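So this one's coords-v1.cif, mmCIF, C-alpha atoms and all ligand atoms:
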```cif
data_run
loop_
_atom_site.group_PDB
_atom_site.id
_atom_site.type_symbol
_atom_site.label_atom_id
_atom_site.label_comp_id
_atom_site.auth_asym_id
_atom_site.auth_seq_id
_atom_site.Cartn_x
_atom_site.Cartn_y
_atom_site.Cartn_z
ATOM 1 C CA MET A 27 -13.451 21.808 0.603
ATOM 2 C CA ARG A 28 -11.430 21.413 3.796
ATOM 3 C CA LEU A 29 -11.347 18.740 6.473
ATOM 4 C CA LYS A 30 -13.835 19.550 9.199
ATOM 5 C CA LYS A 31 -15.557 16.612 10.768
ATOM 6 C CA ILE A 32 -12.822 14.006 11.104
ATOM 7 C CA SER A 33 -10.776 13.760 14.276
ATOM 8 C CA ILE A 34 -7.235 14.943 13.735
ATOM 9 C CA ASN A 35 -4.374 15.585 16.077
ATOM 10 C CA LYS A 36 -4.407 19.290 17.077
ATOM 11 C CA LYS A 37 -0.771 19.749 16.133
ATOM 12 C CA ASN A 38 -1.649 18.793 12.554
ATOM 13 C CA ILE A 39 -4.483 21.290 12.048
ATOM 14 C CA ASN A 40 -2.323 23.589 9.915
ATOM 15 C CA LEU A 41 -1.334 20.721 7.660
ATOM 16 C CA SER A 42 -4.884 19.396 7.452
ATOM 17 C CA ASN A 43 -6.100 22.836 6.358
ATOM 18 C CA GLN A 44 -3.925 22.498 3.277
ATOM 19 C CA ILE A 45 -5.651 19.271 2.200
ATOM 20 C CA ASP A 46 -8.443 19.345 -0.355
ATOM 21 C CA ILE A 47 -10.784 16.621 0.906
ATOM 22 C CA LYS A 48 -12.326 16.274 -2.554
ATOM 23 C CA ARG A 49 -9.029 15.162 -4.058
ATOM 24 C CA ILE A 50 -7.911 12.429 -1.674
ATOM 25 C CA PRO A 51 -6.391 9.556 -3.654
ATOM 26 C CA ASP A 52 -8.766 6.560 -3.651
ATOM 27 C CA HIS A 53 -5.883 4.100 -3.572
ATOM 28 C CA ILE A 54 -2.548 4.651 -1.826
ATOM 29 C CA ALA A 55 0.305 2.150 -1.940
ATOM 30 C CA ILE A 56 3.059 2.243 0.675
ATOM 31 C CA ILE A 57 6.533 0.710 0.800
ATOM 32 C CA MET A 58 6.955 0.676 4.581
ATOM 33 C CA ASP A 59 10.744 0.866 4.758
ATOM 34 C CA GLY A 60 13.277 1.709 7.442
ATOM 35 C CA ASN A 61 12.254 -0.438 10.416
ATOM 36 C CA GLY A 62 15.732 -1.926 10.828
ATOM 37 C CA ARG A 63 17.535 1.414 10.612
ATOM 38 C CA TRP A 64 15.083 2.950 13.101
ATOM 39 C CA ALA A 65 16.004 0.306 15.671
ATOM 40 C CA THR A 66 19.740 0.318 14.909
ATOM 41 C CA LYS A 67 19.872 4.099 15.370
ATOM 42 C CA LYS A 68 18.488 3.600 18.857
ATOM 43 C CA GLY A 69 20.940 0.801 19.610
ATOM 44 C CA LEU A 70 18.124 -1.774 19.588
ATOM 45 C CA PRO A 71 17.738 -5.081 17.712
ATOM 46 C CA ARG A 72 16.001 -4.748 14.301
ATOM 47 C CA SER A 73 12.985 -6.616 15.659
ATOM 48 C CA PHE A 74 12.096 -3.559 17.779
ATOM 49 C CA GLY A 75 11.786 -1.576 14.551
ATOM 50 C CA HIS A 76 9.396 -4.149 13.084
ATOM 51 C CA ASN A 77 7.246 -4.013 16.249
ATOM 52 C CA GLN A 78 7.159 -0.237 16.104
ATOM 53 C CA GLY A 79 6.354 -0.439 12.384
ATOM 54 C CA VAL A 80 3.102 -2.205 13.268
ATOM 55 C CA SER A 81 2.029 0.781 15.392
ATOM 56 C CA ALA A 82 2.785 3.118 12.494
ATOM 57 C CA LEU A 83 0.679 0.967 10.179
ATOM 58 C CA LYS A 84 -2.247 1.002 12.618
ATOM 59 C CA GLU A 85 -2.129 4.804 12.724
ATOM 60 C CA ILE A 86 -1.885 5.189 8.948
ATOM 61 C CA ILE A 87 -4.832 2.817 8.369
ATOM 62 C CA LYS A 88 -6.919 4.967 10.708
ATOM 63 C CA VAL A 89 -5.793 8.273 9.207
ATOM 64 C CA SER A 90 -6.191 7.228 5.570
ATOM 65 C CA LYS A 91 -9.630 5.750 6.243
ATOM 66 C CA ASN A 92 -10.707 8.919 8.086
ATOM 67 C CA LEU A 93 -9.545 11.041 5.169
ATOM 68 C CA GLY A 94 -11.769 9.103 2.790
ATOM 69 C CA CYS A 95 -9.161 6.997 1.040
ATOM 70 C CA LYS A 96 -10.760 3.717 -0.102
ATOM 71 C CA VAL A 97 -7.836 1.328 -0.561
ATOM 72 C CA LEU A 98 -4.454 1.045 1.160
ATOM 73 C CA THR A 99 -1.929 -1.436 -0.234
ATOM 74 C CA VAL A 100 1.110 -1.990 1.967
ATOM 75 C CA TYR A 101 4.311 -3.891 1.257
ATOM 76 C CA ALA A 102 5.010 -6.051 4.313
ATOM 77 C CA PHE A 103 7.305 -8.799 2.985
ATOM 78 C CA SER A 104 8.866 -9.092 -0.467
ATOM 79 C CA THR A 105 9.908 -12.208 -2.360
ATOM 80 C CA GLU A 106 13.471 -10.934 -1.843
ATOM 81 C CA ASN A 107 13.101 -10.610 1.941
ATOM 82 C CA TRP A 108 13.659 -14.382 2.333
ATOM 83 C CA SER A 109 17.352 -13.570 1.811
ATOM 84 C CA ARG A 110 17.494 -11.999 5.285
ATOM 85 C CA PRO A 111 18.917 -13.977 8.226
ATOM 86 C CA ASN A 112 16.558 -16.795 9.299
ATOM 87 C CA LYS A 113 16.148 -15.186 12.684
ATOM 88 C CA GLU A 114 14.679 -12.015 11.160
ATOM 89 C CA VAL A 115 12.456 -13.924 8.694
ATOM 90 C CA ASP A 116 11.106 -16.094 11.533
ATOM 91 C CA PHE A 117 10.496 -13.025 13.663
ATOM 92 C CA LEU A 118 8.504 -11.368 10.861
ATOM 93 C CA ILE A 119 6.427 -14.498 10.210
ATOM 94 C CA ASN A 120 5.578 -14.759 13.928
ATOM 95 C CA LEU A 121 4.832 -11.047 14.069
ATOM 96 C CA PHE A 122 2.335 -11.268 11.172
ATOM 97 C CA GLU A 123 0.484 -14.061 12.951
ATOM 98 C CA LYS A 124 0.551 -12.408 16.369
ATOM 99 C CA VAL A 125 -0.583 -8.994 15.103
ATOM 100 C CA LEU A 126 -3.337 -10.394 12.945
ATOM 101 C CA LYS A 127 -4.760 -12.533 15.747
ATOM 102 C CA LYS A 128 -4.754 -9.489 18.048
ATOM 103 C CA GLU A 129 -6.148 -6.948 15.593
ATOM 104 C CA ILE A 130 -8.549 -8.846 13.353
ATOM 105 C CA ASN A 131 -11.659 -8.181 15.461
ATOM 106 C CA GLU A 132 -11.053 -4.444 15.442
ATOM 107 C CA ILE A 133 -10.313 -4.539 11.706
ATOM 108 C CA HIS A 134 -13.639 -6.301 11.219
ATOM 109 C CA GLN A 135 -15.518 -3.885 13.500
ATOM 110 C CA GLU A 136 -14.142 -1.010 11.429
ATOM 111 C CA SER A 137 -15.653 -2.700 8.362
ATOM 112 C CA ILE A 138 -12.245 -3.104 6.762
ATOM 113 C CA LYS A 139 -11.831 -5.831 4.172
ATOM 114 C CA ILE A 140 -8.351 -7.328 4.488
ATOM 115 C CA LYS A 141 -6.646 -9.130 1.618
ATOM 116 C CA PHE A 142 -3.238 -10.755 1.422
ATOM 117 C CA ILE A 143 -1.498 -10.356 -1.885
ATOM 118 C CA GLY A 144 1.372 -12.645 -2.776
ATOM 119 C CA ASP A 145 2.287 -16.309 -2.825
ATOM 120 C CA LEU A 146 1.215 -17.581 0.587
ATOM 121 C CA SER A 147 2.261 -21.185 -0.092
ATOM 122 C CA PRO A 148 5.720 -21.099 1.597
ATOM 123 C CA PHE A 149 4.337 -19.796 4.899
ATOM 124 C CA PRO A 150 3.717 -22.123 7.873
ATOM 125 C CA GLU A 151 0.228 -23.684 8.047
ATOM 126 C CA THR A 152 -0.626 -21.769 11.238
ATOM 127 C CA LEU A 153 0.027 -18.417 9.538
ATOM 128 C CA LYS A 154 -1.770 -19.465 6.353
ATOM 129 C CA SER A 155 -4.816 -20.419 8.356
ATOM 130 C CA VAL A 156 -4.895 -17.023 10.160
ATOM 131 C CA LEU A 157 -4.450 -15.197 6.837
ATOM 132 C CA ASN A 158 -7.266 -17.175 5.210
ATOM 133 C CA SER A 159 -9.672 -16.874 8.145
ATOM 134 C CA SER A 160 -9.046 -13.099 8.356
ATOM 135 C CA GLU A 161 -9.858 -12.716 4.670
ATOM 136 C CA ALA A 162 -12.967 -14.853 5.071
ATOM 137 C CA LEU A 163 -14.195 -12.943 8.143
ATOM 138 C CA THR A 164 -13.850 -9.525 6.475
ATOM 139 C CA ARG A 165 -14.811 -10.531 2.918
ATOM 140 C CA ASN A 166 -18.083 -8.566 2.851
ATOM 141 C CA ASN A 167 -16.826 -5.425 4.595
ATOM 142 C CA LYS A 168 -17.412 -2.298 2.581
ATOM 143 C CA ASN A 169 -15.761 0.701 4.266
ATOM 144 C CA PHE A 170 -12.150 0.227 3.295
ATOM 145 C CA ILE A 171 -9.833 -2.296 1.624
ATOM 146 C CA LEU A 172 -6.482 -3.128 3.204
ATOM 147 C CA ASN A 173 -4.218 -5.102 0.867
ATOM 148 C CA VAL A 174 -1.199 -6.522 2.662
ATOM 149 C CA CYS A 175 1.505 -7.701 0.266
ATOM 150 C CA VAL A 176 3.299 -10.692 1.756
ATOM 151 C CA ASN A 177 5.816 -12.795 -0.152
ATOM 152 C CA TYR A 178 4.917 -10.470 -2.988
ATOM 153 C CA GLY A 179 7.073 -9.661 -6.007
ATOM 154 C CA GLY A 180 5.934 -7.692 -9.041
ATOM 155 C CA ARG A 181 8.005 -9.782 -11.471
ATOM 156 C CA GLN A 182 6.705 -13.046 -10.008
ATOM 157 C CA GLU A 183 3.162 -11.683 -10.321
ATOM 158 C CA LEU A 184 3.711 -10.915 -14.018
ATOM 159 C CA VAL A 185 5.258 -14.349 -14.642
ATOM 160 C CA LYS A 186 2.119 -15.905 -13.143
ATOM 161 C CA VAL A 187 -0.081 -13.737 -15.374
ATOM 162 C CA ALA A 188 1.918 -14.862 -18.436
ATOM 163 C CA GLN A 189 1.536 -18.507 -17.394
ATOM 164 C CA GLU A 190 -2.238 -18.169 -16.963
ATOM 165 C CA ILE A 191 -2.594 -16.495 -20.352
ATOM 166 C CA ALA A 192 -0.367 -19.117 -22.020
ATOM 167 C CA LYS A 193 -2.576 -21.869 -20.520
ATOM 168 C CA LYS A 194 -5.738 -20.214 -21.866
ATOM 169 C CA SER A 195 -4.171 -19.808 -25.278
ATOM 170 C CA PHE A 196 -2.929 -23.410 -25.335
ATOM 171 C CA SER A 197 -6.376 -24.729 -24.457
ATOM 172 C CA GLY A 198 -7.926 -22.614 -27.224
ATOM 173 C CA GLU A 199 -9.925 -20.472 -24.779
ATOM 174 C CA ILE A 200 -8.298 -17.335 -26.224
ATOM 175 C CA LYS A 201 -6.281 -16.371 -29.321
ATOM 176 C CA PRO A 202 -2.980 -14.416 -29.108
ATOM 177 C CA CYS A 203 -4.782 -11.325 -30.435
ATOM 178 C CA ASP A 204 -7.158 -11.491 -27.431
ATOM 179 C CA VAL A 205 -4.272 -10.594 -25.110
ATOM 180 C CA ASN A 206 -4.740 -6.962 -24.119
ATOM 181 C CA GLU A 207 -4.382 -4.735 -21.050
ATOM 182 C CA GLU A 208 -7.800 -5.713 -19.706
ATOM 183 C CA LEU A 209 -6.960 -9.409 -19.866
ATOM 184 C CA ILE A 210 -3.629 -8.862 -18.109
ATOM 185 C CA LYS A 211 -5.319 -6.739 -15.414
ATOM 186 C CA SER A 212 -7.893 -9.458 -14.832
ATOM 187 C CA GLU A 213 -5.111 -11.949 -14.044
ATOM 188 C CA LEU A 214 -3.223 -9.679 -11.612
ATOM 189 C CA LEU A 215 -3.375 -10.358 -7.882
ATOM 190 C CA THR A 216 -4.914 -6.890 -7.502
ATOM 191 C CA GLN A 217 -7.702 -7.618 -9.989
ATOM 192 C CA GLY A 218 -10.826 -5.593 -9.337
ATOM 193 C CA VAL A 219 -8.933 -2.782 -7.611
ATOM 194 C CA GLN A 220 -7.963 0.371 -9.490
ATOM 195 C CA ASP A 221 -4.274 1.308 -9.733
ATOM 196 C CA PRO A 222 -2.813 3.437 -6.904
ATOM 197 C CA GLU A 223 -2.813 7.166 -7.593
ATOM 198 C CA LEU A 224 -0.062 7.611 -5.025
ATOM 199 C CA LEU A 225 2.951 5.536 -3.966
ATOM 200 C CA ILE A 226 4.663 6.490 -0.717
ATOM 201 C CA ARG A 227 8.067 5.091 0.174
ATOM 202 C CA THR A 228 9.589 5.886 3.527
ATOM 203 C CA SER A 229 13.244 5.967 4.660
ATOM 204 C CA GLY A 230 14.487 7.987 1.692
ATOM 205 C CA GLU A 231 15.138 5.043 -0.634
ATOM 206 C CA LYS A 232 14.318 5.921 -4.221
ATOM 207 C CA ARG A 233 13.433 2.566 -5.717
ATOM 208 C CA ILE A 234 10.414 0.363 -6.267
ATOM 209 C CA SER A 235 12.002 -2.887 -4.993
ATOM 210 C CA ASN A 236 9.796 -5.171 -7.112
ATOM 211 C CA PHE A 237 6.521 -3.657 -5.850
ATOM 212 C CA LEU A 238 3.388 -3.500 -8.071
ATOM 213 C CA LEU A 239 5.367 -3.160 -11.313
ATOM 214 C CA TRP A 240 2.300 -3.081 -13.559
ATOM 215 C CA GLN A 241 -0.022 -1.143 -11.234
ATOM 216 C CA LEU A 242 2.380 1.739 -10.515
ATOM 217 C CA ALA A 243 2.746 2.689 -14.194
ATOM 218 C CA TYR A 244 1.212 6.142 -13.633
ATOM 219 C CA SER A 245 1.249 6.547 -9.853
ATOM 220 C CA GLU A 246 2.667 9.697 -8.329
ATOM 221 C CA ILE A 247 5.711 8.819 -6.212
ATOM 222 C CA TYR A 248 6.341 10.460 -2.855
ATOM 223 C CA ILE A 249 9.583 9.677 -1.053
ATOM 224 C CA SER A 250 9.622 10.478 2.665
ATOM 225 C CA GLU A 251 12.951 10.690 4.471
ATOM 226 C CA VAL A 252 11.214 9.553 7.661
ATOM 227 C CA LEU A 253 11.790 5.934 8.739
ATOM 228 C CA TRP A 254 8.571 3.885 8.715
ATOM 229 C CA PRO A 255 8.156 3.561 12.531
ATOM 230 C CA ASP A 256 8.147 7.391 12.736
ATOM 231 C CA PHE A 257 5.738 7.876 9.828
ATOM 232 C CA ASP A 258 2.638 9.374 11.424
ATOM 233 C CA GLU A 259 -0.420 11.477 10.662
ATOM 234 C CA SER A 260 1.622 14.636 9.983
ATOM 235 C CA GLU A 261 3.943 12.817 7.552
ATOM 236 C CA PHE A 262 0.944 11.259 5.838
ATOM 237 C CA PHE A 263 -0.701 14.689 5.489
ATOM 238 C CA LYS A 264 2.535 16.019 3.935
ATOM 239 C CA ALA A 265 2.420 13.217 1.353
ATOM 240 C CA ILE A 266 -1.192 14.053 0.478
ATOM 241 C CA ILE A 267 -0.450 17.793 0.208
ATOM 242 C CA ASP A 268 2.493 17.078 -2.076
ATOM 243 C CA TYR A 269 0.360 14.713 -4.178
ATOM 244 C CA GLN A 270 -2.328 17.376 -4.530
ATOM 245 C CA SER A 271 0.257 19.844 -5.842
ATOM 246 C CA ARG A 272 1.175 17.545 -8.729
ATOM 247 C CA ASN A 273 0.098 18.047 -12.295
ATOM 248 C CA ARG A 274 -0.910 14.565 -13.452
ATOM 249 C CA ARG A 275 -0.578 14.702 -17.207
ATOM 250 C CA PHE A 276 -0.723 11.006 -18.200
ATOM 251 C CA GLY A 277 1.319 11.829 -21.283
ATOM 252 C CA GLY A 278 -0.911 14.767 -22.202
ATOM 253 C CA ILE A 279 -0.246 18.447 -21.695
ATOM 254 C CA GLU A 280 -2.765 19.550 -19.114
ATOM 255 C CA SER A 281 -3.918 18.112 -15.818
ATOM 256 C CA LEU A 282 -7.637 17.599 -15.504
ATOM 257 C CA ALA A 283 -7.178 17.525 -11.724
ATOM 258 C CA ASN A 284 -5.596 20.983 -11.623
ATOM 259 C CA GLU A 285 -8.637 23.250 -11.828
ATOM 260 C CA SER A 286 -6.762 26.562 -11.546
ATOM 261 C CA LEU A 287 -4.517 25.617 -14.442
ATOM 262 C CA LYS A 288 -7.560 24.560 -16.425
ATOM 263 C CA ASP A 289 -9.279 27.925 -15.763
ATOM 264 C CA SER A 290 -6.297 29.970 -16.872
ATOM 265 C CA TYR A 291 -5.937 27.832 -19.964
ATOM 266 C CA CYS A 292 -9.625 28.187 -20.867
ATOM 267 C CA SER A 293 -9.738 31.954 -20.358
ATOM 268 C CA SER A 294 -6.608 32.754 -22.394
HETATM 269 C C1 LIG B 301 10.916 -2.635 6.143
HETATM 270 O O1 LIG B 301 11.962 -2.242 6.937
HETATM 271 C C2 LIG B 301 10.239 -3.899 6.622
HETATM 272 C C3 LIG B 301 10.524 -5.089 5.802
HETATM 273 C C4 LIG B 301 11.186 -5.105 4.683
HETATM 274 C C5 LIG B 301 10.003 -6.355 6.287
HETATM 275 P P1 LIG B 301 13.402 -2.871 6.770
HETATM 276 O O2 LIG B 301 13.481 -4.111 7.572
HETATM 277 O O3 LIG B 301 13.723 -3.033 5.317
HETATM 278 O O4 LIG B 301 14.309 -1.755 7.413
HETATM 279 P P2 LIG B 301 15.680 -1.208 6.844
HETATM 280 O O5 LIG B 301 15.426 -0.758 5.440
HETATM 281 O O6 LIG B 301 16.663 -2.323 6.908
HETATM 282 O O7 LIG B 301 16.018 -0.066 7.744
HETATM 283 C C1 LIG B 302 10.988 -3.324 0.392
HETATM 284 O O1 LIG B 302 11.926 -2.990 1.354
HETATM 285 C C2 LIG B 302 10.108 -4.431 0.891
HETATM 286 C C3 LIG B 302 9.232 -4.084 2.006
HETATM 287 C C4 LIG B 302 9.075 -2.909 2.541
HETATM 288 C C5 LIG B 302 8.452 -5.171 2.514
HETATM 289 P P1 LIG B 302 13.387 -3.634 1.367
HETATM 290 O O2 LIG B 302 14.107 -3.019 2.501
HETATM 291 O O3 LIG B 302 13.298 -5.108 1.335
HETATM 292 O O4 LIG B 302 13.953 -3.152 -0.037
HETATM 293 P P2 LIG B 302 15.440 -2.877 -0.511
HETATM 294 O O5 LIG B 302 16.242 -4.092 -0.169
HETATM 295 O O6 LIG B 302 15.916 -1.659 0.225
HETATM 296 O O7 LIG B 302 15.328 -2.629 -1.975
HETATM 297 MG MG MG B 303 14.567 -1.832 3.944
#
```

Could you quickly redo this structure as structure tokens?
Amino acid sequence: MRLKKISINKKNINLSNQIDIKRIPDHIAIIMDGNGRWATKKGLPRSFGHNQGVSALKEIIKVSKNLGCKVLTVYAFSTENWSRPNKEVDFLINLFEKVLKKEINEIHQESIKIKFIGDLSPFPETLKSVLNSSEALTRNNKNFILNVCVNYGGRQELVKVAQEIAKKSFSGEIKPCDVNEELIKSELLTQGVQDPELLIRTSGEKRISNFLLWQLAYSEIYISEVLWPDFDESEFFKAIIDYQSRNRRFGGIESLANESLKDSYCSS
């Protein structure tokens, strides 16, 4: 089944024709990387790249939602990003607040549920209050989930999970043999959301940078050479086409998703 009804940029029709609408990943995670290099290449301060990165995110939310993806989880600020110069950290904190205040009504109108994943405690009260009120406003929205990872680190998340489980064990609520994958999943910040089928990282870097360490265990990884501010509908379509060409084996020998392979296997 091909894409017919959704509005797509004319120049991307050829790419969209290669997408099987029935096999759109439900959950896509994105490491939005390359804002600084985008600006530096143009002789501009890094902050221009972060501003432009917001426009790219707005487009990708729209495109992924139109395609039928259900959850988008984006990495906006890592626990390691505090090591950047204060000026850049302050700029990013102000940008989060400014963008959210400006966009939250449209996000709500689009029936998008927004969630912030990470330790929000070190952020200024004004930002925390905007983050919390945005989550509260969109809590019951059903069309799409947008998880924004801020002050997020996969290792820190797992440490927190271990602490919660240790507390439950110490209080006698659980026994050590009760610790299993389900229990760990239920303590993750992403609890209730299935793992991403696809991870996209832009700017050509081939690392995870402490993102969703547990959740990405079996995600397909797509590295785009394009810097995040230039990542648009066509680049997103390329990621989906590449994902749909993969044979997801999960340790087995045959992909259930690859129907043609399945047919040839069954008929031989
Ligand atoms: C990603 O772009 C945005 C954040 C990490 C906040 P970068 O700021 O990492 O851009 P580069 O990688 O330095 O080009
Ligand atoms: C990862 O990008 C974090 C975000 C995109 C928010 P970084 O630019 O911080 O990662 P490294 O330093 O290249 O690993
Ligand atoms: Mg970077």

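The shortest atom-to-atom distance to A:Glu251, with only C-alpha atoms taken into account, belongs to A:Met58 out of A:Ala102, A:Leu70, A:Met58, A:Ile133.
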
Point to revise | Environment of ligand LIG 301 (chain B) within 10 Å, counting all atoms listed in the file, reported as an NGL selection string | key: :A and (57-67 or 72-73 or 75-76 or 79-80 or 101-104 or 106-108 or 110 or 114-115 or 117-119 or 176 or 228-231 or 235 or 253-255)

Exercise for review: Go ahead and compute the interatomic distance for atom CA of A:Glu223 and atom P2 of ligand LIG 302 (chain B), in Å to one decimal.
Suggested key: 22.0 Å

Would you kindly return, as a PDB file with C-alpha atoms, keeping the file's coordinate frame, each protein, DNA or RNA residue with an atom no farther than 9 Å from any atom of A:Lys211, considering only C-alpha atoms and excluding same-chain residues fewer than 4 positions away?
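Result file selection-v1.pdb:
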```
ATOM      1  CA  VAL A 187      -0.081 -13.737 -15.374  1.00  0.00           C
ATOM      2  CA  ASN A 206      -4.740  -6.962 -24.119  1.00  0.00           C
ATOM      3  CA  GLU A 207      -4.382  -4.735 -21.050  1.00  0.00           C
ATOM      4  CA  LEU A 215      -3.375 -10.358  -7.882  1.00  0.00           C
ATOM      5  CA  THR A 216      -4.914  -6.890  -7.502  1.00  0.00           C
ATOM      6  CA  GLN A 217      -7.702  -7.618  -9.989  1.00  0.00           C
ATOM      7  CA  GLY A 218     -10.826  -5.593  -9.337  1.00  0.00           C
ATOM      8  CA  TRP A 240       2.300  -3.081 -13.559  1.00  0.00           C
ATOM      9  CA  GLN A 241      -0.022  -1.143 -11.234  1.00  0.00           C
TER      10      GLN A 241
END
```

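Distance check against ligand LIG 302 (chain B) using only C-alpha atoms and all ligand atoms: of A:Ile50, A:Ile191, A:Ile234, A:Ile267, the minimum falls on A:Ile234.
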
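Nearest to A:Asp258 of all the residues A:Leu163, A:Leu83, A:Ile210, A:Leu238 is A:Leu83, based on only C-alpha atoms.
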
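Applied to this file, the PyMOL selection byres (((chain A and resi 179) around 9) and not hetatm) selects the residues Ser104, Thr105, Glu106, Gly144, Asp145, Cys175, Val176, Asn177, Tyr178, Gly180, Arg181, Gln182, Glu183, Leu184, Ser235, Asn236, Phe237, Leu238 and Leu239 of chain A.
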
Generate the missing atoms of stretch 103-122 of chain A up to N, CA and C atoms and report them as a PDB file, in the frame of the given file.
```pdb
ATOM      1  N   PHE A 103       6.229  -7.803   3.114  1.00  0.00           N
ATOM      2  CA  PHE A 103       7.305  -8.799   2.985  1.00  0.00           C
ATOM      3  C   PHE A 103       7.465  -9.117   1.497  1.00  0.00           C
ATOM      4  N   SER A 104       8.660  -8.877   0.976  1.00  0.00           N
ATOM      5  CA  SER A 104       8.866  -9.092  -0.467  1.00  0.00           C
ATOM      6  C   SER A 104       9.420 -10.484  -0.733  1.00  0.00           C
ATOM      7  N   THR A 105       9.342 -10.901  -1.989  1.00  0.00           N
ATOM      8  CA  THR A 105       9.908 -12.208  -2.360  1.00  0.00           C
ATOM      9  C   THR A 105      11.420 -12.220  -2.112  1.00  0.00           C
ATOM     10  N   GLU A 106      12.029 -11.037  -2.072  1.00  0.00           N
ATOM     11  CA  GLU A 106      13.471 -10.934  -1.843  1.00  0.00           C
ATOM     12  C   GLU A 106      13.820 -10.930  -0.346  1.00  0.00           C
ATOM     13  N   ASN A 107      12.820 -10.694   0.503  1.00  0.00           N
ATOM     14  CA  ASN A 107      13.101 -10.610   1.941  1.00  0.00           C
ATOM     15  C   ASN A 107      13.461 -11.964   2.566  1.00  0.00           C
ATOM     16  N   TRP A 108      13.230 -13.066   1.822  1.00  0.00           N
ATOM     17  CA  TRP A 108      13.659 -14.382   2.333  1.00  0.00           C
ATOM     18  C   TRP A 108      15.178 -14.437   2.456  1.00  0.00           C
ATOM     19  N   SER A 109      15.878 -13.530   1.767  1.00  0.00           N
ATOM     20  CA  SER A 109      17.352 -13.570   1.811  1.00  0.00           C
ATOM     21  C   SER A 109      17.897 -12.988   3.119  1.00  0.00           C
ATOM     22  N   ARG A 110      17.033 -12.520   3.984  1.00  0.00           N
ATOM     23  CA  ARG A 110      17.494 -11.999   5.285  1.00  0.00           C
ATOM     24  C   ARG A 110      17.858 -13.161   6.219  1.00  0.00           C
ATOM     25  N   PRO A 111      18.592 -12.886   7.293  1.00  0.00           N
ATOM     26  CA  PRO A 111      18.917 -13.977   8.226  1.00  0.00           C
ATOM     27  C   PRO A 111      17.643 -14.684   8.706  1.00  0.00           C
ATOM     28  N   ASN A 112      17.731 -16.003   8.879  1.00  0.00           N
ATOM     29  CA  ASN A 112      16.558 -16.795   9.299  1.00  0.00           C
ATOM     30  C   ASN A 112      15.875 -16.208  10.518  1.00  0.00           C
ATOM     31  N   LYS A 113      16.697 -15.708  11.427  1.00  0.00           N
ATOM     32  CA  LYS A 113      16.148 -15.186  12.684  1.00  0.00           C
ATOM     33  C   LYS A 113      15.176 -14.029  12.403  1.00  0.00           C
ATOM     34  N   GLU A 114      15.552 -13.166  11.470  1.00  0.00           N
ATOM     35  CA  GLU A 114      14.679 -12.015  11.160  1.00  0.00           C
ATOM     36  C   GLU A 114      13.423 -12.471  10.400  1.00  0.00           C
ATOM     37  N   VAL A 115      13.619 -13.419   9.454  1.00  0.00           N
ATOM     38  CA  VAL A 115      12.456 -13.924   8.694  1.00  0.00           C
ATOM     39  C   VAL A 115      11.471 -14.583   9.655  1.00  0.00           C
ATOM     40  N   ASP A 116      11.993 -15.415  10.566  1.00  0.00           N
ATOM     41  CA  ASP A 116      11.106 -16.094  11.533  1.00  0.00           C
ATOM     42  C   ASP A 116      10.387 -15.078  12.417  1.00  0.00           C
ATOM     43  N   PHE A 117      11.118 -14.054  12.816  1.00  0.00           N
ATOM     44  CA  PHE A 117      10.496 -13.025  13.663  1.00  0.00           C
ATOM     45  C   PHE A 117       9.326 -12.381  12.920  1.00  0.00           C
ATOM     46  N   LEU A 118       9.562 -12.046  11.637  1.00  0.00           N
ATOM     47  CA  LEU A 118       8.504 -11.368  10.861  1.00  0.00           C
ATOM     48  C   LEU A 118       7.288 -12.274  10.682  1.00  0.00           C
ATOM     49  N   ILE A 119       7.536 -13.554  10.402  1.00  0.00           N
ATOM     50  CA  ILE A 119       6.427 -14.498  10.210  1.00  0.00           C
ATOM     51  C   ILE A 119       5.594 -14.597  11.500  1.00  0.00           C
ATOM     52  N   ASN A 120       6.297 -14.703  12.636  1.00  0.00           N
ATOM     53  CA  ASN A 120       5.578 -14.759  13.928  1.00  0.00           C
ATOM     54  C   ASN A 120       4.829 -13.468  14.202  1.00  0.00           C
ATOM     55  N   LEU A 121       5.464 -12.348  13.825  1.00  0.00           N
ATOM     56  CA  LEU A 121       4.832 -11.047  14.069  1.00  0.00           C
ATOM     57  C   LEU A 121       3.530 -10.926  13.276  1.00  0.00           C
ATOM     58  N   PHE A 122       3.558 -11.349  11.991  1.00  0.00           N
ATOM     59  CA  PHE A 122       2.335 -11.268  11.172  1.00  0.00           C
ATOM     60  C   PHE A 122       1.197 -12.014  11.867  1.00  0.00           C
TER      61      PHE A 122
END
```
